[in-house]
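This is final-v2.cif (mmCIF, C-alpha atoms and all ligand atoms).
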```cif
data_protein
loop_
_atom_site.label_atom_id
_atom_site.label_comp_id
_atom_site.auth_asym_id
_atom_site.auth_seq_id
_atom_site.Cartn_x
_atom_site.Cartn_y
_atom_site.Cartn_z
CA MET A 101 3.56 -85.96 -59.06
CA SER A 102 1.92 -85.21 -55.76
CA LEU A 103 1.04 -81.60 -55.10
CA ILE A 104 2.68 -79.74 -52.23
CA TYR A 105 0.04 -77.17 -51.45
CA LEU A 106 1.42 -74.08 -49.71
CA ASP A 107 -1.37 -71.68 -50.66
CA HIS A 108 -3.81 -72.12 -47.78
CA ALA A 109 -4.32 -68.36 -47.50
CA ALA A 110 -5.98 -68.55 -50.94
CA THR A 111 -8.20 -71.47 -50.00
CA THR A 112 -8.15 -74.73 -48.05
CA PRO A 113 -9.29 -78.22 -49.02
CA VAL A 114 -12.72 -79.18 -47.73
CA ASP A 115 -12.30 -81.38 -44.62
CA PRO A 116 -13.77 -84.87 -45.24
CA GLU A 117 -15.95 -84.43 -42.14
CA VAL A 118 -17.28 -81.18 -43.59
CA LEU A 119 -18.14 -82.93 -46.83
CA ASP A 120 -19.92 -85.72 -44.94
CA ALA A 121 -21.99 -83.15 -43.08
CA MET A 122 -22.92 -81.40 -46.33
CA LEU A 123 -23.84 -84.36 -48.51
CA PRO A 124 -27.31 -85.09 -47.04
CA TYR A 125 -28.33 -81.51 -47.90
CA LEU A 126 -27.33 -82.04 -51.52
CA ARG A 127 -29.35 -85.28 -51.64
CA GLY A 128 -32.57 -86.10 -49.81
CA GLU A 129 -32.62 -83.13 -47.44
CA PHE A 130 -33.23 -80.63 -50.22
CA GLY A 131 -35.96 -78.63 -48.51
CA ASN A 132 -36.27 -74.85 -48.68
CA PRO A 133 -35.71 -73.49 -45.15
CA SER A 134 -38.61 -71.08 -45.66
CA SER A 135 -41.07 -73.93 -46.33
CA VAL A 136 -43.48 -74.71 -43.54
CA HIS A 137 -43.53 -78.48 -44.08
CA ARG A 138 -41.17 -80.82 -42.27
CA LEU A 139 -38.60 -81.08 -45.08
CA GLY A 140 -38.23 -77.31 -45.03
CA GLN A 141 -38.11 -77.19 -41.26
CA ARG A 142 -35.32 -79.76 -41.16
CA ALA A 143 -33.28 -77.51 -43.47
CA ARG A 144 -34.12 -74.55 -41.19
CA GLY A 145 -32.93 -76.57 -38.19
CA ALA A 146 -29.64 -77.40 -39.93
CA ILE A 147 -29.04 -73.71 -40.65
CA ASP A 148 -29.79 -72.78 -37.05
CA GLU A 149 -27.33 -75.41 -35.83
CA ALA A 150 -24.62 -74.09 -38.16
CA ARG A 151 -25.33 -70.55 -37.01
CA ALA A 152 -24.87 -71.60 -33.37
CA ARG A 153 -21.53 -73.25 -34.21
CA ILE A 154 -20.18 -70.17 -35.94
CA ALA A 155 -21.45 -67.94 -33.14
CA ALA A 156 -19.66 -70.20 -30.62
CA LEU A 157 -16.36 -69.91 -32.51
CA ILE A 158 -16.33 -66.11 -32.17
CA GLY A 159 -18.26 -65.65 -28.91
CA ALA A 160 -21.33 -64.11 -30.57
CA ARG A 161 -25.06 -64.67 -30.06
CA ASP A 162 -26.72 -66.79 -32.76
CA SER A 163 -28.95 -63.90 -33.81
CA GLU A 164 -25.85 -61.82 -34.59
CA ILE A 165 -24.66 -64.11 -37.43
CA VAL A 166 -25.88 -63.31 -40.98
CA PHE A 167 -24.99 -65.82 -43.69
CA THR A 168 -23.69 -64.42 -46.98
CA GLY A 169 -22.44 -65.76 -50.30
CA SER A 170 -18.76 -65.08 -49.47
CA GLY A 171 -16.35 -63.19 -47.24
CA THR A 172 -16.37 -60.54 -49.96
CA GLU A 173 -20.13 -60.10 -49.64
CA ALA A 174 -19.82 -59.87 -45.85
CA ASP A 175 -17.25 -57.07 -46.22
CA ASN A 176 -19.48 -55.26 -48.71
CA MET A 177 -22.49 -55.58 -46.41
CA ALA A 178 -20.56 -54.12 -43.51
CA ILE A 179 -18.99 -51.23 -45.41
CA VAL A 180 -21.98 -50.23 -47.49
CA GLY A 181 -24.92 -51.40 -45.36
CA ALA A 182 -23.71 -49.98 -42.05
CA THR A 183 -22.36 -46.72 -43.49
CA MET A 184 -25.59 -45.99 -45.35
CA SER A 185 -27.52 -46.48 -42.12
CA ALA A 186 -25.38 -44.18 -39.99
CA GLY A 187 -27.46 -41.02 -40.43
CA GLU A 188 -25.46 -37.82 -40.03
CA ARG A 189 -22.21 -39.69 -40.05
CA THR A 190 -21.30 -40.49 -43.63
CA ASP A 191 -17.61 -41.21 -43.92
CA VAL A 192 -15.46 -44.33 -43.89
CA VAL A 193 -11.87 -44.91 -42.80
CA VAL A 194 -10.09 -48.06 -43.98
CA SER A 195 -6.45 -49.14 -43.90
CA ALA A 196 -4.30 -49.27 -47.03
CA ILE A 197 -3.60 -52.97 -46.51
CA GLU A 198 -7.23 -54.12 -46.56
CA HIS A 199 -8.36 -56.83 -48.96
CA HIS A 200 -9.96 -55.55 -52.17
CA ALA A 201 -13.28 -56.79 -50.76
CA VAL A 202 -13.08 -53.82 -48.39
CA LEU A 203 -11.19 -51.31 -50.52
CA ASN A 204 -13.44 -51.73 -53.54
CA ALA A 205 -16.64 -51.93 -51.47
CA THR A 206 -16.12 -48.29 -50.54
CA LYS A 207 -16.51 -47.44 -54.26
CA THR A 208 -20.17 -48.47 -54.06
CA LEU A 209 -20.80 -45.51 -51.77
CA ASP A 210 -21.85 -42.29 -53.47
CA ARG A 211 -18.70 -40.18 -53.47
CA THR A 212 -20.56 -36.91 -53.22
CA ARG A 213 -22.04 -37.93 -49.89
CA HIS A 214 -19.53 -40.42 -48.45
CA LYS A 215 -15.83 -39.68 -48.15
CA THR A 216 -13.41 -42.59 -47.80
CA THR A 217 -10.01 -42.05 -46.19
CA VAL A 218 -7.31 -44.68 -46.54
CA ALA A 219 -4.98 -44.79 -43.55
CA LYS A 220 -1.36 -45.63 -44.33
CA ALA A 221 0.56 -48.70 -43.21
CA VAL A 222 3.99 -48.91 -41.60
CA GLY A 223 6.94 -51.13 -42.58
CA SER A 224 6.03 -53.83 -40.05
CA GLY A 225 2.82 -54.49 -42.00
CA GLU A 226 0.52 -52.86 -39.45
CA VAL A 227 -1.84 -49.96 -40.02
CA ASP A 228 -0.28 -46.60 -39.13
CA LEU A 229 -2.23 -45.76 -35.96
CA ALA A 230 -1.29 -42.07 -36.01
CA ASP A 231 -2.58 -41.75 -39.57
CA LEU A 232 -5.74 -43.65 -38.63
CA GLU A 233 -6.32 -41.40 -35.64
CA ALA A 234 -5.88 -38.29 -37.77
CA ALA A 235 -8.44 -39.63 -40.26
CA VAL A 236 -11.21 -40.37 -37.76
CA GLY A 237 -13.51 -37.42 -37.10
CA ASP A 238 -17.05 -36.58 -36.12
CA ARG A 239 -18.33 -37.47 -39.58
CA THR A 240 -16.77 -40.96 -39.49
CA ALA A 241 -19.48 -43.59 -39.62
CA LEU A 242 -17.26 -46.66 -39.81
CA VAL A 243 -13.63 -47.67 -39.35
CA SER A 244 -12.56 -50.90 -41.06
CA VAL A 245 -9.26 -52.60 -40.26
CA MET A 246 -8.65 -56.30 -40.78
CA LEU A 247 -7.70 -58.70 -37.99
CA ALA A 248 -4.85 -60.36 -39.92
CA ASN A 249 -3.47 -59.52 -43.32
CA ASN A 250 -3.84 -62.08 -46.10
CA GLU A 251 -0.44 -61.43 -47.70
CA THR A 252 1.89 -61.03 -44.72
CA GLY A 253 -0.17 -62.69 -41.97
CA VAL A 254 0.53 -59.68 -39.75
CA VAL A 255 -2.05 -59.31 -36.98
CA GLN A 256 -3.30 -55.75 -36.75
CA PRO A 257 -3.34 -53.69 -33.53
CA ILE A 258 -7.10 -54.00 -33.38
CA ALA A 259 -7.46 -52.94 -29.72
CA ASP A 260 -5.86 -49.58 -30.60
CA VAL A 261 -7.97 -49.29 -33.74
CA ILE A 262 -11.10 -49.81 -31.65
CA ARG A 263 -10.00 -47.29 -29.02
CA ILE A 264 -9.44 -44.69 -31.78
CA ALA A 265 -12.74 -45.46 -33.52
CA ARG A 266 -14.71 -45.34 -30.27
CA ALA A 267 -13.11 -42.05 -29.26
CA GLY A 268 -14.45 -40.68 -32.55
CA GLY A 269 -17.87 -42.29 -32.02
CA ALA A 270 -17.56 -44.55 -35.09
CA LEU A 271 -18.60 -48.16 -35.68
CA VAL A 272 -15.83 -50.75 -36.17
CA HIS A 273 -15.76 -53.46 -38.82
CA THR A 274 -12.99 -56.03 -38.95
CA ASP A 275 -12.28 -58.49 -41.73
CA ALA A 276 -11.42 -61.69 -39.85
CA VAL A 277 -11.37 -63.94 -42.92
CA GLN A 278 -7.69 -64.85 -42.48
CA ALA A 279 -7.64 -64.88 -38.68
CA LEU A 280 -10.61 -67.20 -38.17
CA GLY A 281 -9.55 -70.57 -36.79
CA LYS A 282 -5.93 -69.45 -36.39
CA ALA A 283 -6.21 -67.01 -33.53
CA PRO A 284 -8.75 -66.95 -30.71
CA ILE A 285 -11.55 -64.54 -31.57
CA ASP A 286 -14.01 -63.14 -29.06
CA VAL A 287 -16.25 -60.43 -30.46
CA ARG A 288 -17.35 -59.30 -26.99
CA GLY A 289 -13.80 -59.00 -25.68
CA LEU A 290 -12.76 -57.24 -28.90
CA ASP A 291 -15.78 -54.93 -28.82
CA VAL A 292 -16.27 -54.76 -32.61
CA ASP A 293 -19.61 -54.08 -34.28
CA LEU A 294 -19.14 -56.03 -37.50
CA MET A 295 -16.86 -58.91 -38.50
CA ALA A 296 -16.53 -60.68 -41.87
CA LEU A 297 -15.89 -64.44 -42.03
CA SER A 298 -15.47 -66.96 -44.83
CA ALA A 299 -15.90 -70.75 -44.82
CA HIS A 300 -13.33 -71.79 -47.41
CA LYS A 301 -10.35 -70.54 -45.43
CA ILE A 302 -11.16 -72.95 -42.58
CA HIS A 303 -11.67 -76.15 -44.61
CA GLY A 304 -15.29 -75.34 -45.41
CA PRO A 305 -16.84 -74.91 -48.88
CA LYS A 306 -16.35 -71.91 -51.16
CA GLY A 307 -19.17 -69.45 -51.73
CA VAL A 308 -20.30 -69.17 -48.10
CA GLY A 309 -19.48 -66.40 -45.68
CA ALA A 310 -20.97 -64.73 -42.67
CA LEU A 311 -21.13 -61.28 -41.16
CA TYR A 312 -21.24 -60.83 -37.41
CA VAL A 313 -23.51 -57.86 -36.71
CA ARG A 314 -23.57 -56.85 -33.07
CA GLY A 315 -27.16 -56.76 -31.75
CA GLY A 316 -28.67 -53.29 -32.20
CA THR A 317 -26.29 -52.24 -35.04
CA ARG A 318 -28.17 -50.55 -37.86
CA MET A 319 -27.37 -52.00 -41.25
CA GLN A 320 -29.32 -51.77 -44.50
CA ALA A 321 -29.69 -54.94 -46.54
CA LEU A 322 -27.82 -54.92 -49.86
CA VAL A 323 -29.58 -57.94 -51.34
CA ARG A 324 -33.31 -57.41 -51.09
CA GLY A 325 -36.14 -59.83 -51.61
CA GLY A 326 -37.60 -62.25 -49.11
CA SER A 327 -37.23 -62.00 -45.35
CA GLN A 328 -34.40 -64.53 -44.98
CA GLU A 329 -31.68 -63.84 -42.44
CA ARG A 330 -34.06 -61.54 -40.50
CA ASN A 331 -34.34 -59.22 -43.50
CA ARG A 332 -30.61 -58.62 -43.56
CA ARG A 333 -29.79 -60.78 -46.60
CA ALA A 334 -32.51 -62.00 -48.94
CA GLY A 335 -32.30 -65.15 -51.04
CA THR A 336 -32.88 -68.84 -50.43
CA GLU A 337 -30.05 -70.01 -48.22
CA ASN A 338 -27.18 -72.20 -49.47
CA VAL A 339 -28.16 -74.90 -47.02
CA ALA A 340 -25.40 -77.43 -47.77
CA GLY A 341 -22.77 -74.70 -47.83
CA ILE A 342 -23.97 -73.24 -44.53
CA VAL A 343 -24.02 -76.69 -42.94
CA GLY A 344 -20.44 -77.20 -44.16
CA PHE A 345 -19.40 -73.85 -42.71
CA GLY A 346 -20.95 -74.82 -39.39
CA ARG A 347 -19.12 -78.15 -39.28
CA ALA A 348 -15.84 -76.44 -40.26
CA ALA A 349 -16.33 -73.93 -37.45
CA GLN A 350 -17.03 -76.73 -35.00
CA LEU A 351 -13.84 -78.53 -36.06
CA ALA A 352 -11.85 -75.32 -35.70
CA LEU A 353 -13.23 -74.86 -32.19
CA GLU A 354 -12.53 -78.49 -31.20
CA ARG A 355 -8.98 -78.41 -32.49
CA GLY A 356 -8.44 -75.13 -30.69
CA LEU A 357 -5.02 -73.66 -31.10
CA ASP A 358 -3.21 -77.01 -31.36
CA ASP A 359 -3.43 -76.79 -35.13
CA ALA A 360 -2.17 -73.23 -35.08
CA ARG A 361 0.86 -74.15 -32.98
CA ARG A 362 1.75 -77.00 -35.32
CA MET A 363 1.31 -74.80 -38.39
CA ALA A 364 3.47 -72.05 -36.88
CA THR A 365 6.29 -74.57 -36.40
CA LEU A 366 6.04 -75.63 -40.05
CA ARG A 367 5.83 -72.05 -41.32
CA ASP A 368 8.86 -71.11 -39.22
CA ARG A 369 10.81 -74.12 -40.47
CA LEU A 370 10.18 -73.09 -44.07
CA GLU A 371 10.90 -69.44 -43.44
CA THR A 372 14.10 -69.98 -41.47
CA ALA A 373 15.49 -72.41 -44.04
CA LEU A 374 14.78 -70.05 -46.94
CA LEU A 375 16.11 -66.97 -45.14
CA ASP A 376 19.28 -68.84 -44.16
CA ALA A 377 19.77 -70.18 -47.67
CA GLY A 378 19.24 -66.72 -49.11
CA GLY A 379 22.13 -65.28 -47.13
CA GLY A 380 20.73 -61.74 -47.12
CA ALA A 381 19.27 -61.90 -50.64
CA THR A 382 16.03 -63.38 -49.32
CA LEU A 383 14.04 -61.09 -47.06
CA ARG A 384 10.89 -61.44 -44.98
CA ASN A 385 8.15 -58.90 -45.67
CA GLY A 386 6.47 -57.65 -42.51
CA SER A 387 7.28 -58.16 -38.88
CA PRO A 388 7.36 -61.70 -37.46
CA ASP A 389 6.30 -60.46 -34.02
CA ARG A 390 2.53 -60.81 -34.31
CA ARG A 391 1.42 -63.03 -37.16
CA ILE A 392 -1.15 -65.72 -37.76
CA ALA A 393 0.44 -69.17 -37.76
CA THR A 394 0.17 -70.00 -41.43
CA THR A 395 1.60 -67.30 -43.58
CA THR A 396 4.92 -65.76 -44.61
CA SER A 397 5.77 -63.35 -47.40
CA LEU A 398 9.34 -63.50 -48.69
CA SER A 399 11.21 -61.56 -51.37
CA PHE A 400 13.94 -63.22 -53.42
CA GLU A 401 16.29 -60.52 -54.67
CA GLY A 402 16.93 -60.60 -58.41
CA VAL A 403 14.11 -63.06 -59.11
CA SER A 404 10.66 -62.36 -60.51
CA GLY A 405 8.01 -63.70 -58.14
CA GLU A 406 5.88 -64.69 -61.14
CA ASP A 407 8.75 -66.69 -62.69
CA LEU A 408 9.46 -68.39 -59.40
CA LEU A 409 5.79 -69.26 -58.94
CA ILE A 410 5.69 -70.87 -62.38
CA ALA A 411 8.98 -72.74 -61.83
CA LEU A 412 7.60 -74.13 -58.55
CA ASP A 413 4.27 -75.02 -60.14
CA LEU A 414 6.16 -77.12 -62.70
CA GLU A 415 7.62 -79.02 -59.76
CA GLY A 416 4.18 -79.50 -58.18
CA ILE A 417 4.46 -76.82 -55.52
CA ALA A 418 1.57 -74.39 -55.21
CA VAL A 419 2.31 -70.93 -53.78
CA SER A 420 1.17 -67.45 -54.76
CA THR A 421 2.54 -64.00 -55.44
CA GLY A 422 -0.07 -62.33 -53.24
CA ALA A 423 -3.81 -62.31 -52.84
CA ALA A 424 -5.38 -64.99 -55.00
CA CYS A 425 -7.90 -62.58 -56.46
CA ALA A 426 -5.10 -60.26 -57.58
CA ALA A 427 -3.12 -63.04 -59.28
CA GLY A 428 -2.65 -62.38 -62.95
CA SER A 429 -3.06 -58.67 -62.37
CA PRO A 430 -0.06 -56.67 -63.57
CA GLU A 431 -0.30 -54.45 -60.50
CA PRO A 432 2.23 -55.20 -57.78
CA SER A 433 0.78 -56.04 -54.36
CA HIS A 434 -0.90 -52.95 -52.87
CA VAL A 435 -0.17 -54.37 -49.42
CA LEU A 436 3.60 -54.59 -49.82
CA ARG A 437 3.65 -51.23 -51.62
CA ALA A 438 1.70 -49.65 -48.74
CA MET A 439 4.35 -51.00 -46.36
CA GLY A 440 6.87 -48.88 -48.25
CA LEU A 441 8.68 -51.71 -50.05
CA ALA A 442 10.40 -50.85 -53.32
CA ARG A 443 8.80 -52.08 -56.54
CA ASP A 444 11.65 -54.55 -57.21
CA ARG A 445 11.23 -56.13 -53.81
CA VAL A 446 7.49 -56.35 -54.27
CA SER A 447 7.75 -58.00 -57.67
CA SER A 448 10.22 -60.54 -56.28
CA SER A 449 7.88 -61.63 -53.49
CA LEU A 450 6.04 -64.88 -52.89
CA ARG A 451 3.50 -65.86 -50.25
CA PHE A 452 3.77 -69.28 -48.66
CA SER A 453 0.89 -70.46 -46.47
CA VAL A 454 0.84 -73.80 -44.69
CA GLY A 455 -2.27 -75.65 -43.51
CA ARG A 456 -3.69 -78.35 -41.31
CA THR A 457 -2.51 -81.13 -43.62
CA THR A 458 0.99 -79.80 -44.36
CA THR A 459 3.81 -82.16 -43.29
CA VAL A 460 7.47 -81.64 -42.30
CA ASP A 461 8.50 -83.67 -45.32
CA GLU A 462 6.54 -81.35 -47.63
CA ILE A 463 8.22 -78.33 -46.08
CA ASP A 464 11.68 -79.81 -46.58
CA ARG A 465 10.94 -80.76 -50.17
CA ALA A 466 9.52 -77.31 -50.86
CA VAL A 467 12.60 -75.61 -49.37
CA ALA A 468 14.89 -77.67 -51.62
CA ALA A 469 12.76 -76.87 -54.66
CA VAL A 470 12.65 -73.14 -53.91
CA GLU A 471 16.41 -73.00 -53.35
CA GLY A 472 16.99 -74.83 -56.64
CA ALA A 473 14.60 -72.64 -58.61
CA VAL A 474 15.92 -69.41 -57.11
CA GLY A 475 19.47 -70.49 -57.90
CA ARG A 476 18.54 -71.28 -61.51
CA LEU A 477 16.59 -68.06 -61.94
CA ARG A 478 19.42 -66.00 -60.53
CA GLY A 479 21.57 -67.53 -63.21
CA ARG A 480 23.93 -69.32 -60.88
CA THR A 481 23.98 -72.66 -59.15
CA LYS A 482 23.88 -72.37 -55.40
CA ARG A 483 26.74 -73.74 -53.28
N1 LIG A 501 -10.85 -60.82 -46.87
C1 LIG A 501 -9.66 -61.41 -46.79
C2 LIG A 501 -8.64 -60.90 -45.83
C3 LIG A 501 -9.36 -62.50 -47.62
O1 LIG A 501 -8.17 -63.08 -47.55
C4 LIG A 501 -10.36 -62.95 -48.52
C5 LIG A 501 -10.09 -64.07 -49.45
O2 LIG A 501 -9.05 -64.15 -50.06
C6 LIG A 501 -11.59 -62.30 -48.54
C7 LIG A 501 -11.80 -61.23 -47.70
C8 LIG A 501 -12.68 -62.71 -49.46
O3 LIG A 501 -13.31 -63.88 -49.04
P1 LIG A 501 -14.11 -64.78 -50.11
O4 LIG A 501 -13.07 -65.49 -50.91
O5 LIG A 501 -14.95 -65.70 -49.29
O6 LIG A 501 -14.91 -63.85 -50.93
#
```
What's the structure tokens form of this structure?
Amino acid sequence: MSLIYLDHAATTPVDPEVLDAMLPYLRGEFGNPSSVHRLGQRARGAIDEARARIAALIGARDSEIVFTGSGTEADNMAIVGATMSAGERTDVVVSAIEHHAVLNATKTLDRTRHKTTVAKAVGSGEVDLADLEAAVGDRTALVSVMLANNETGVVQPIADVIRIARAGGALVHTDAVQALGKAPIDVRGLDVDLMALSAHKIHGPKGVGALYVRGGTRMQALVRGGSQERNRRAGTENVAGIVGFGRAAQLALERGLDDARRMATLRDRLETALLDAGGGATLRNGSPDRRIATTTSLSFEGVSGEDLLIALDLEGIAVSTGAACAAGSPEPSHVLRAMGLARDRVSSSLRFSVGRTTTVDEIDRAVAAVEGAVGRLRGRTKR
């Protein structure tokens, strides 16, 4: 049974060209980039090349890219490292729909010194700008709002977020893990200070991320040791992983938005078919107006999302009930709850996310399988 993989928001398969780029660094080119001899310097050169490719994808300078061990680590570095370096300003404002990598990073900060305020979300899936504005004050060190949400795909009103943060004199961090490669990103045009990225969402390897740190931004290192990454992140670099990230970024840049347009067509085909088949009992979560191309969150009234996921898995279709890292957790999605959706609707939701390799045939087969499974689970045969 061939797998129909509709969980690209959780992770993507490594592109064969990415793997080819990585393999030499897992074989003969095993040097330590900090070594002075030529083997080490070749590894250093490969890292520099990858850094330039990632910088090019987001319009940054090479020196502004810090490699990390994951998107999660990049978020933690931004939240904790920048806030702890902000002097008199001590507080953090985040949105309620952030990934746990942001929400839980704030817990590292000493509560007696650093206050965290969580701004609400509205039904469309966007941060509530009025609530955000009310939360930002003269003690706010950092405002963190993601570029695109991982469960609904909804693109956040980041220009407004930045205007509000700047008016309050705060730094801005944005988690661009889901948006990277699917929407054009230009850190200069956006005017953010910090941006978290992850390789495995753009057909790169897992366990590699990066943080964009605008030149001049003060940020303490969280991982201390050697002077790697200009003292911002110690530890011998994951050379092969970084090279893979660089190649994945280069492919994303080359393919431009053609991929995104194709994926949006596939996502819309799936979504429209399921909404039509549901006849009012299947609902879309979040507004379709501004979304990344890949993702849709749907609720199937009267059906448990977990049961539907398992039924689809038995038929070789991979989807998820929400963020991959929250799967298996009994807690309903904090994102959908923050959007004001009732518990029943949240627990009947599934996230579908298409990718570069998804085909029309896969979409049509998945639609038929979902319709069948929903019909069975609702205890009646459809049509
Ligand atoms: N932020 C968002 C929005 C994500 O979707 C994810 C991954 O699911 C992360 C952060 C964490 O990235 P990583 O898996 O590289 O730790």
Write out as a tab-separated table the residues of chain A that have any atom within 8 Å of an atom of ligand LIG 501 (chain A), one row each with the nearest atom pair and its distance in Å to one decimal, counting all atoms listed in the file, sorted by chain and then rising number.
```
residue	atom	partner	partner_atom	distance
A:Ala109	CA	A:LIG501	O1	6.5
A:Ala110	CA	A:LIG501	O2	5.4
A:Thr111	CA	A:LIG501	O2	7.4
A:Gly169	CA	A:LIG501	O5	7.6
A:Ser170	CA	A:LIG501	O5	3.9
A:Gly171	CA	A:LIG501	O5	3.5
A:Thr172	CA	A:LIG501	O6	3.7
A:Glu173	CA	A:LIG501	O6	6.6
A:Asp175	CA	A:LIG501	C7	7.0
A:Glu198	CA	A:LIG501	C2	7.0
A:His199	CA	A:LIG501	C2	5.1
A:His200	CA	A:LIG501	C7	7.5
A:Ala201	CA	A:LIG501	C7	5.6
A:Val202	CA	A:LIG501	N1	7.5
A:Met246	CA	A:LIG501	C2	6.8
A:Ala248	CA	A:LIG501	C2	7.0
A:Asn249	CA	A:LIG501	C2	5.9
A:Asn250	CA	A:LIG501	O1	4.7
A:Glu251	CA	A:LIG501	O1	7.9
A:Asp275	CA	A:LIG501	N1	5.8
A:Ala276	CA	A:LIG501	C2	6.6
A:Val277	CA	A:LIG501	C1	4.9
A:Gln278	CA	A:LIG501	C2	5.3
A:Ala296	CA	A:LIG501	C7	7.5
A:Leu297	CA	A:LIG501	O5	7.4
A:Ser298	CA	A:LIG501	O5	4.7
A:Ala299	CA	A:LIG501	O5	6.8
A:His300	CA	A:LIG501	O5	6.6
A:Lys301	CA	A:LIG501	C5	7.6
A:Lys306	CA	A:LIG501	O5	6.6
A:Gly307	CA	A:LIG501	O5	6.2
A:Val308	CA	A:LIG501	O5	6.5
A:Gly309	CA	A:LIG501	O5	5.8
A:Ala423	CA	A:LIG501	O2	6.2
A:Ala424	CA	A:LIG501	O2	6.2
A:Cys425	CA	A:LIG501	O2	6.7
```
Using all atoms listed in the file, I'd like a table of the residues in segment 204-241 of chain A that come within 10 Å of segment 261-271 of chain A; for each, show the closest atom pair and its distance in Å rounded to one decimal, ordered by chain and ascending number, as CSV.
```
residue,atom,partner,partner_atom,distance
A:Val227,CA,A:Val261,CA,8.8
A:Asp228,CA,A:Val261,CA,9.8
A:Leu229,CA,A:Val261,CA,7.1
A:Ala230,CA,A:Ile264,CA,9.5
A:Leu232,CA,A:Val261,CA,7.8
A:Glu233,CA,A:Ile264,CA,6.0
A:Ala234,CA,A:Ile264,CA,9.5
A:Ala235,CA,A:Gly268,CA,9.8
A:Val236,CA,A:Gly268,CA,6.1
A:Gly237,CA,A:Gly268,CA,5.7
A:Asp238,CA,A:Gly268,CA,6.0
A:Arg239,CA,A:Ala270,CA,8.4
A:Thr240,CA,A:Ala270,CA,5.7
A:Ala241,CA,A:Ala270,CA,5.0
```
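Residues in contact with segment 316-322 of chain A at up to 8 Å, not including ones fewer than 5 positions away on its chain and judged by only C-alpha atoms, are Met177, Ala178, Val180, Gly181, Ala182, Thr183, Met184, Ser185, Ala186, Asp293, Asn331, Arg332, Arg333 and Ala334 of chain A.
Take the candidates A:Gly386, A:Arg445, A:Leu357, A:Ala121 and check each one against Val222 of chain A using all atoms listed in the file; the shortest distance goes to A:Gly386.
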Atomic separation - atom CA of Gly304 of chain A relative to atom CA of Leu119 of chain A, Å: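 Atom CA of Leu119 of chain A sits 8.2 Å away from atom CA of Gly304 of chain A.
For the residues A:Arg456, A:His434, A:His273, A:Arg314, ranking by smallest atom-to-atom distance to Ala364 of chain A using only C-alpha atoms places A:Arg456 first.
You can rank A:Val255, A:Ala143, A:Val470, A:Ala205 by their closest distance to Ala411 of chain A using all atoms listed in the file, and at the top of that list sits A:Val470.
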Shell around Ile154 of chain A at 7 Å using all atoms listed in the file, local window under 4 positions removed, as an MDAnalysis selection string: chainID A and resid 150 158 346 349
Straight-line distance linking atom CA of Leu441 of chain A with atom CA of Leu412 of chain A, stated in Å to one decimal: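 Separation between atom CA of Leu441 of chain A and atom CA of Leu412 of chain A: 24.0 Å.
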Nearest to Asp191 of chain A by atom-to-atom distance, counting all atoms listed in the file, from A:Thr216, A:Thr421, A:Ser102, A:Ser449: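 Among the listed residues, the smallest separation from Asp191 of chain A belongs to A:Thr216.
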Top pick for closest residue to Leu290 of chain A, considering A:Ile165, A:Val193, A:Ala160, A:Val435 and counting all atoms listed in the file: A:Ala160
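What separates atom CA of Asp286 of chain A from atom CA of Leu157 of chain A is a distance of 8.0 Å.
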